[in-house]
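A.B. asks: Here it is: the structure, laid out below.
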Amino acid sequence: MTLAHTLVYVIDDEMSMRKAIGRLLESDGYSVELFAGARELLGRAPHGGPSCAIVDLNLPEFNGLDLQRALAESGRVEQLIFITGGGSVPTCAQAMKAGAIDYLPKPFRDEDLLRAVEQALVRASEQWVKSSQRKEVRARLATLTPREFEVLKLVIAGMLNKQIAARLGTTEATIKVHRGRVMEKMGVKSVAELVVLAQRAGIAFESADNTKV
Amino acid sequence: MTAISVAAIAALELLGMHAQSPEQFGRLIWWAHIPVFFLIASIVGFVRLYFNAGRLWLGYAVCSLRLLDLIINFFSVPNVNYREITGLRHVTTLGGETISLVQGVENPWVRVSELSSLLFLMFVLDASVSLWRRGHPGERRRAMIVGGSMIFFILVAAGTSALIEAGVMQSPYLISFSFLAIVVAMSYELSLDVVRAAQLARKLQTSEAALRESEQHMGLAASAAELAMWMWDITRDELWTTDKGRALFGFAQSEKISFDRFLNVVHLEDRDAVRQAVAEAVHGAGEYESEYRVVLPGGQARWIAGRGRVEFNGGKPVRMRGVSLDITWRKQAELEAARQRDELAHLSRVALLGELSGSLAHELNQPLGAIVTNAGAALRFLARDAMSREKLREILEDIVAEGRRAGEVIRGIKGMAEKKDSFRQLVSLNDVIIGVIRLTRSDALVHDCTIVSELHPMLPKVEANVVQLQQVFLNLILNAFEASQDVPKAQRQIIIRTERVGDATVLASVSDFGPGLPAEAPERVFDQFYSTKKEGMGIGLCIAESIASAHGGALFTQNAKGGGAQFFFQLPAVNEVDL
C-alpha cells in the first residue's frame with residue numbers, strides 16, 4: 001500500500017503570518033494550503049491522505065478552540081498545532097487536553113514548528129494507514145457468510161475444530177470446510193495472520209474463558 | 001483803586017471848600033477829573049470781573065466817554081465843567097465853618113461827562129439785573145447790595161453835582177460821600193468773599209487730609225497685599241510705580257522707566273504675550289491682564305500678575321493705571337499640582353499598560369513571528385539552493401514591512417510608558433482614536449468585542465498632550481470591554497464616534513451595550529477610589545477627568561437609551577484659520 005500525499009493547512013487571520021508559515025513549510029518540502037479563517041477549513045472536503053492543521057488560537061469570531069470542538073463533533077480527525085500571539089495558560093491547557101499536537105507561542109523557532117508538523121504528520125499517517133487497512137479487512141470480512149463469520153470468531157478465540165463443531169452443533173468435517181473458506185477469503189495462511197487482521201478490523205473476539213461456559 | 005480815587009476826590013473837594021480864589025477852585029475841579037476817571041473805570045472793571053455780568057460794549061463806552069471827558073478837560077480852562085468861574089461865595093455851615101462855593105458859566109462839553117455818567121448808570125443797572133436773573137441766592141444778594149447801592153449812589157452823586165452846577169443847590173461837591181458808600185458796599189461784599197474763601201480753604205484742608213488718609217489706607221492695603229501700583233503715561237512713555245513696584249521688577253530707585261525698559265526685564269518667553277496683552281488693552285479693550293515672569297538682576301525669575309485699565313482722552317489712550325502682584329508662590333504651587341497630576345496620570349497609565357500587556361505582546365509578537373518565520377524559510381531555501389531571486393526579494397520585503405509594523409506598535413505605546421513633561425501639540429482626535437483602537441485590537445478579540453468607529457471626516461484639530469488623550473480613550477475602551485463581558489456575544493459592540501459641536505468644540509463618545517452605570521448616581525464613576533469593578537482601583541476615570549479639564553475640556557457620562565454606558569469627551573477645537 002502506497003503512502004498517500006500529505007498536506008498541511010495553515011489558518012491565521014494575519015496574512016503576513018500565514019504566508020510566512022507557508023514559505024517555511026514549502027522550504028521543507030511540504031504541500032501547504034492557506035486559510036484566513038477556521039470556517040473555510042471546515043468548508044473544504046477532507047484531504048485524501050494524511051494532513052494536519054496549524055491554527056492561530058486568537059482568530060476573530062470563530063477561534064482555534066471552536067474549530068477543535070467543531071471537528072470533534074463532526075467526527076473528523078485532524079491533527080492540530082496551535083500557534084498564538086499571546087494566549088493564556090488555561091486556553092493552552094484546554095487545547096492540549098483536547099488532543100492538540102503542540103502549542104507554540106509566536107514568535108516560535110522554525111525547527112519547533114517543523115518538528116511539530118512532522119510529528120503531526122507521522123501520527124496522521126499512522127492513522128491513515130490504520131484506517132485504510134481497516135477498510136480493506138472490513139471489505140474482506142464483508143464477503144464472509146454469517147456461518148463463516150461465526151467460525152472465524154471462534155477460530156481467532158483459539159478453539160479447535162472439534163470444539164467449534166460441538167459449539168455450533170455440527171460435524172468436525174463441516175467446520176473444516178468453513179475454516180478453509182474463511183482462510184481463503186481473508187487471504188491468510190495461518191491462524192496468527194487471521195488474528196492480526198481481525199484485530200485491525202476491531203473485531204472483539206471472545207476469550208477462551210467464554211468458550212468453557 | 002476805587003478807594004484811592006475816592007480819597008483823592010474827597011481831598012480835592014475838601015481843598016475846594018477852602019479855596020480862596022475862583023482860579024484855585026477851577027484848578028481843583030480840573031484835577032478832580034483824573035481820579036473820577038479812574039474811579040469810574042475801576043468800578044466798571046469791578047462789576048465786569050466780580051459780577052461776571054454787564055455788557056462789554058457798554059463798559060467800553062463808559063470808559064471811552066470818561067477818557068474823552070478827561071482829554072477835553074485837559075484842554076479846557078479852567079475845566080470841562082465851567083467855561084468861566086465868575087466867583088466864589090462863602091457860606092457858613094451849621095457847624096459854623098465857612099466854606100467856599102463856586103459860581104460860573106457852564107461849559108457845554110460837560111454833557112460828555114453827563115452822558116458818560118448816564119451810560120455808567122445803565123451799565124451797572126444792566127449788570128445787576130442780569131446777575132439777579134441768574135437766580136442764585138448769593139448772586140441776588142450781590143446784585144441787591146452792590147448793584148443797588150451803586151445805582152442809588154451814582155444817582156445821588158450825579159444828581160447833586162448837576163443841581164450844584166445848575167446853581168439850584170447851595171452846597172459843595174460831595175461826590176466822594178456817595179462813592180464812599182459804593183466802596184463800603186464793595187468792600188462788604190469782598191470781605192464776605194474773603195470769609196468764604198477762608199471757609200473754602202478750611203474745607204479744602206479737611207478734604208485734603210481725608211484724601212491723604214485714604215491714600216494712606218490704600219497704600220497700607222496695597223503694601224499689606226504686596227501690591228505694586230503703577231501708572232504708565234502713554235503719551236510721554238513714562239512708567240511710575242511705587243517703591244514696592246520698583247523692588248518687584250528690580251528697578252533702581254531713581255531710574256527712569258519706559259515701556260521698553262519694563263519689557264526688558266520680562267522673561268524672553270513671556271515678552272511677546274505681555275506686549276500683545278498691552279497692545280490689546282491700549283487699542284480698544286481698555287482692560288489689561290497678564291501673568292508673566294520677570295528676570296531680576298540676580299538672574300532668578302519671579303512670576304507677576306498684572307492688571308490695569310487704560311484711560312482714554314477723546315478716544316486716544318493717554319495713560320494706564322494698574323497693580324502688579326508677586327504670584328511666584330501660587331505659580332509654584334500650580335506647577336507642583338500639575339506635576340503631581342502628571343505623575344498620577346503616568347502611574348495610572350502604567351497600570352493601564354499592565355492591563356494591556358497581553359494585548360501589546362500579541363501586537364508585537366505578530367510581526368516578530370512573521371519576521372522570524374520568513375527569515376527561517378529563506379535560510380532553508382538558501383540551504384537547499386532552491387530559491388529564485390524573486391522569491392528572496394518577496395520574503396525580504398515582507399520582513400521589512402513587518403519590522404516597520406513592530407516599530408509602530410512600540411511607538412504607539414512608548415509615550416504611554418514614558419514619564420515625560422506634559423507638552424502639547426496640535427493633534428487630530430481621530431488619529432489618536434485610530435491608534436488606540438489598534439492597540440486594543442487583541443483585547444477586543446479576547447473579549448469578543450467589535451469596535452465600530454464613526455469618525456467625523458472634517459474634525460478640527462485640538463491642542464493636547466497626545467499621550468494623555470490616548471490614556472483617556474484607552475481607559476474608556478478597556479472599561480467598555482469589561483462592561484461587555486457579561487452580555488451575549490452579539491451585543492458586545494463598542495461604538496466610538498467623533499463630531500464637531502459648533503466651531504469651538506469637538507466631542508468624542510465611547511458607548512457600550514453592557515449593563516450601564518449605577519442609575520442613581522452615574523457621575524460617581526469619576527470619584528476617586530470609586531469603582532464598580534471587583535479589581536478596580538477607582539483611579540482611571542478620575543484621572544481621565546482631570547486630564548480632560550486640564551485641557552479645557554470635560555468628561556461626562558450617561559446611560560444610553562438602549563442600555564449601556566456612554567462616555568463623552570469634549571475638547572476645545574483649534575480653528576485652523578487662526579493658525
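Labels for the C-alpha cells follow display order: chains A, B, ..., residues from 1 in each chain, ligands from 1.
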Listing only residues of chain B within 10 Å of chain A, what is the closest atom pair and its distance in Å (to one decimal) for each, using only C-alpha atoms, sorted by chain and residue number ascending, as JSON lines?
C.D. replies:
```
{"residue": "B:Ser357", "atom": "CA", "partner": "A:Gly86", "partner_atom": "CA", "distance": 9.6}
{"residue": "B:Gly358", "atom": "CA", "partner": "A:Gly86", "partner_atom": "CA", "distance": 6.2}
{"residue": "B:Ser359", "atom": "CA", "partner": "A:Gly86", "partner_atom": "CA", "distance": 7.4}
{"residue": "B:Leu360", "atom": "CA", "partner": "A:Gly86", "partner_atom": "CA", "distance": 8.8}
{"residue": "B:Ala361", "atom": "CA", "partner": "A:Gly86", "partner_atom": "CA", "distance": 6.2}
{"residue": "B:His362", "atom": "CA", "partner": "A:Gly85", "partner_atom": "CA", "distance": 4.4}
{"residue": "B:Glu363", "atom": "CA", "partner": "A:Gly85", "partner_atom": "CA", "distance": 7.5}
{"residue": "B:Leu364", "atom": "CA", "partner": "A:Gly85", "partner_atom": "CA", "distance": 8.1}
{"residue": "B:Asn365", "atom": "CA", "partner": "A:Gly85", "partner_atom": "CA", "distance": 5.4}
{"residue": "B:Gln366", "atom": "CA", "partner": "A:Gly85", "partner_atom": "CA", "distance": 5.8}
{"residue": "B:Pro367", "atom": "CA", "partner": "A:Met17", "partner_atom": "CA", "distance": 7.6}
{"residue": "B:Leu368", "atom": "CA", "partner": "A:Pro107", "partner_atom": "CA", "distance": 5.9}
{"residue": "B:Gly369", "atom": "CA", "partner": "A:Pro107", "partner_atom": "CA", "distance": 3.7}
{"residue": "B:Ala370", "atom": "CA", "partner": "A:Met17", "partner_atom": "CA", "distance": 4.8}
{"residue": "B:Ile371", "atom": "CA", "partner": "A:Ala20", "partner_atom": "CA", "distance": 7.9}
{"residue": "B:Val372", "atom": "CA", "partner": "A:Pro107", "partner_atom": "CA", "distance": 6.6}
{"residue": "B:Thr373", "atom": "CA", "partner": "A:Ala20", "partner_atom": "CA", "distance": 5.7}
{"residue": "B:Asn374", "atom": "CA", "partner": "A:Ala20", "partner_atom": "CA", "distance": 4.8}
{"residue": "B:Ala375", "atom": "CA", "partner": "A:Ala20", "partner_atom": "CA", "distance": 8.5}
{"residue": "B:Gly376", "atom": "CA", "partner": "A:Asp110", "partner_atom": "CA", "distance": 6.1}
{"residue": "B:Ala377", "atom": "CA", "partner": "A:Leu24", "partner_atom": "CA", "distance": 4.0}
{"residue": "B:Ala378", "atom": "CA", "partner": "A:Leu24", "partner_atom": "CA", "distance": 7.6}
{"residue": "B:Leu379", "atom": "CA", "partner": "A:Ser27", "partner_atom": "CA", "distance": 8.7}
{"residue": "B:Arg380", "atom": "CA", "partner": "A:Ser27", "partner_atom": "CA", "distance": 5.8}
{"residue": "B:Phe381", "atom": "CA", "partner": "A:Ser27", "partner_atom": "CA", "distance": 5.2}
{"residue": "B:Leu382", "atom": "CA", "partner": "A:Ser27", "partner_atom": "CA", "distance": 8.9}
{"residue": "B:Ala383", "atom": "CA", "partner": "A:Ser27", "partner_atom": "CA", "distance": 9.3}
{"residue": "B:Arg384", "atom": "CA", "partner": "A:Ser27", "partner_atom": "CA", "distance": 8.0}
{"residue": "B:Ala386", "atom": "CA", "partner": "A:Ser27", "partner_atom": "CA", "distance": 8.1}
{"residue": "B:Met387", "atom": "CA", "partner": "A:Ser27", "partner_atom": "CA", "distance": 8.8}
{"residue": "B:Lys391", "atom": "CA", "partner": "A:Arg23", "partner_atom": "CA", "distance": 9.7}
{"residue": "B:Ile395", "atom": "CA", "partner": "A:Ala20", "partner_atom": "CA", "distance": 8.0}
{"residue": "B:Asp398", "atom": "CA", "partner": "A:Ser16", "partner_atom": "CA", "distance": 7.2}
{"residue": "B:Ile399", "atom": "CA", "partner": "A:Ser16", "partner_atom": "CA", "distance": 9.1}
{"residue": "B:Ala401", "atom": "CA", "partner": "A:Ser16", "partner_atom": "CA", "distance": 9.3}
{"residue": "B:Glu402", "atom": "CA", "partner": "A:Ser16", "partner_atom": "CA", "distance": 7.9}
{"residue": "B:Ser442", "atom": "CA", "partner": "A:Asn58", "partner_atom": "CA", "distance": 8.2}
{"residue": "B:Ala444", "atom": "CA", "partner": "A:Pro60", "partner_atom": "CA", "distance": 9.2}
{"residue": "B:Leu445", "atom": "CA", "partner": "A:Pro60", "partner_atom": "CA", "distance": 5.9}
{"residue": "B:Val446", "atom": "CA", "partner": "A:Asn58", "partner_atom": "CA", "distance": 7.4}
{"residue": "B:Asp448", "atom": "CA", "partner": "A:Glu61", "partner_atom": "CA", "distance": 7.0}
{"residue": "B:Cys449", "atom": "CA", "partner": "A:Glu61", "partner_atom": "CA", "distance": 9.3}
{"residue": "B:Thr450", "atom": "CA", "partner": "A:Pro60", "partner_atom": "CA", "distance": 9.5}
{"residue": "B:Lys489", "atom": "CA", "partner": "A:Glu61", "partner_atom": "CA", "distance": 9.4}
```
A.B. asks: Per DSSP on the backbone, what are the helix (DSSP H, G or I) residues of chain A, as a VMD selection string?
C.D. replies: chain A and resid 15 to 27 38 to 43 64 to 74 89 to 97 110 to 141 146 to 156 161 to 168 172 to 186 191 to 201 208 to 212
A.B. asks: Excluding same-chain residues fewer than 4 positions from range 198-202 of chain A, what lies within 7 Å of it counting only C-alpha atoms, as number ranges by chain?
C.D. replies: A: 134, 137-138, 194
A.B. asks: Compile the contact shell of Ser453 in chain B as a ChimeraX atom specification: residues with an atom at most 12 Å away, counting only C-alpha atoms, same-chain residues fewer than 3 positions apart removed.
C.D. replies: /B:430-431,433-438,450,456-457,477,493-499,508-511
A.B. asks: So, with only C-alpha atoms as the atoms that count, which of B:Trp329, B:Tyr50, B:Phe74, B:Phe153 lies closest to Ser117 in chain B?
C.D. replies: B:Phe153
A.B. asks: Give me the residues within 9 Å of range 540-555 of chain B as a tab-separated table (two decimals) with C-alpha atoms, in the first residue's frame, counting only C-alpha atoms and dropping any in the same chain fewer than 2 places off.
C.D. replies:
```tsv
chain	number	residue	atom	x	y	z
B	338	ALA	CA	0.37	69.99	37.57
B	341	ARG	CA	-1.27	65.37	38.31
B	342	ASP	CA	1.13	64.30	35.56
B	344	LEU	CA	-0.53	60.35	38.90
B	345	ALA	CA	-1.57	60.22	35.26
B	348	SER	CA	-2.36	55.15	36.13
B	349	ARG	CA	-1.11	54.94	32.56
B	351	ALA	CA	-1.37	50.47	35.34
B	352	LEU	CA	-3.41	50.66	32.14
B	463	GLU	CA	-4.17	71.24	21.14
B	464	ALA	CA	-3.34	68.46	23.51
B	465	ASN	CA	-0.90	66.09	25.08
B	468	GLN	CA	-2.81	61.77	27.84
B	469	LEU	CA	-5.54	61.68	25.19
B	471	GLN	CA	-4.79	57.35	28.05
B	472	VAL	CA	-8.33	58.68	28.26
B	473	PHE	CA	-9.52	56.65	25.26
B	475	ASN	CA	-9.35	53.83	29.72
B	476	LEU	CA	-12.79	54.24	28.19
B	505	THR	CA	-15.75	72.21	20.32
B	525	VAL	CA	-17.68	56.88	38.48
B	526	PHE	CA	-15.44	59.94	38.28
B	527	ASP	CA	-14.91	59.98	42.03
B	528	GLN	CA	-11.59	58.90	43.36
B	529	PHE	CA	-11.44	55.32	44.69
B	530	TYR	CA	-14.96	54.64	43.46
B	536	GLY	CA	-10.78	48.25	40.01
B	537	MET	CA	-8.79	50.87	41.90
B	538	GLY	CA	-11.18	53.69	41.16
B	557	THR	CA	-21.38	60.22	31.17
B	567	PHE	CA	-18.94	58.48	27.90
B	568	PHE	CA	-18.41	61.86	26.30
B	569	PHE	CA	-15.05	63.55	25.99
B	570	GLN	CA	-15.28	67.17	24.99
B	571	LEU	CA	-12.32	69.31	23.95
B	572	PRO	CA	-11.92	72.88	22.66
```
A.B. asks: List as a tab-separated table (two decimals) with C-alpha atoms, in the first residue's frame the protein and nucleic acid residues near Leu160 in chain A, meaning an atom at most 12 Å away when only C-alpha atoms are counted, but skip any in the same chain fewer than 3 places from it.
C.D. replies:
```tsv
chain	number	residue	atom	x	y	z
A	151	VAL	CA	-16.46	-19.83	12.62
A	152	LEU	CA	-13.87	-17.01	12.22
A	154	LEU	CA	-14.30	-18.91	17.28
A	155	VAL	CA	-11.07	-19.69	15.40
A	156	ILE	CA	-9.37	-16.46	16.48
A	157	ALA	CA	-10.61	-17.19	20.01
A	163	GLN	CA	-14.65	-27.63	19.96
A	164	ILE	CA	-16.15	-25.35	17.32
A	165	ALA	CA	-18.22	-28.21	15.88
A	166	ALA	CA	-19.53	-29.01	19.35
A	167	ARG	CA	-20.30	-25.37	19.96
A	172	GLU	CA	-15.89	-31.51	12.59
A	175	ILE	CA	-16.16	-26.91	10.29
A	176	LYS	CA	-13.01	-27.83	8.44
A	179	ARG	CA	-12.44	-22.76	8.13
A	191	VAL	CA	-4.41	-18.51	12.31
A	208	ALA	CA	-11.14	-18.68	25.74
A	211	THR	CA	-15.83	-20.99	25.38
```
A.B. asks: Residues near range 230-243 of chain B, anyone? I mean within 6 Å using only C-alpha atoms, not counting same-chain ones fewer than 5 positions away, as a list in words.
C.D. replies: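 Near neighbours after the sequence-gap exclusion: Ile257, Ser258, Val318, Arg319, Met320, Arg321, Gly322 and Val323 of chain B.
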A.B. asks: Rounded to one decimal, what separation in Å do you get between CA of Leu15 in chain B and CA of Ser100 in chain B?
C.D. replies: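 Computing it gives 9.4 Å between the two atoms.
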A.B. asks: Taking the backbone alone, and naming residues the way the document does, which bits of range 16-159 of chain A are strand (DSSP E) by DSSP, as a PyMOL selection string?
C.D. replies: chain A and resi 32-35+51-56+79-84+102-105
A.B. asks: Just to confirm, what's the straight-line distance from CA of Leu197 in chain A to CA of Ala139 in chain A in Å (one decimal)?
C.D. replies: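 Straight-line distance from CA of Leu197 in chain A to CA of Ala139 in chain A works out to 11.6 Å.
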A.B. asks: Using only C-alpha atoms for the distances, tell me which of B:Lys256, B:Arg27, B:His33, B:Arg55 is nearest to Val77 in chain B.
C.D. replies: B:Arg27
A.B. asks: One number please: CA of Pro108 in chain B to CA of Glu84 in chain B, in Å, one decimal.
C.D. replies: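 Interatomic distance here is 11.4 Å.
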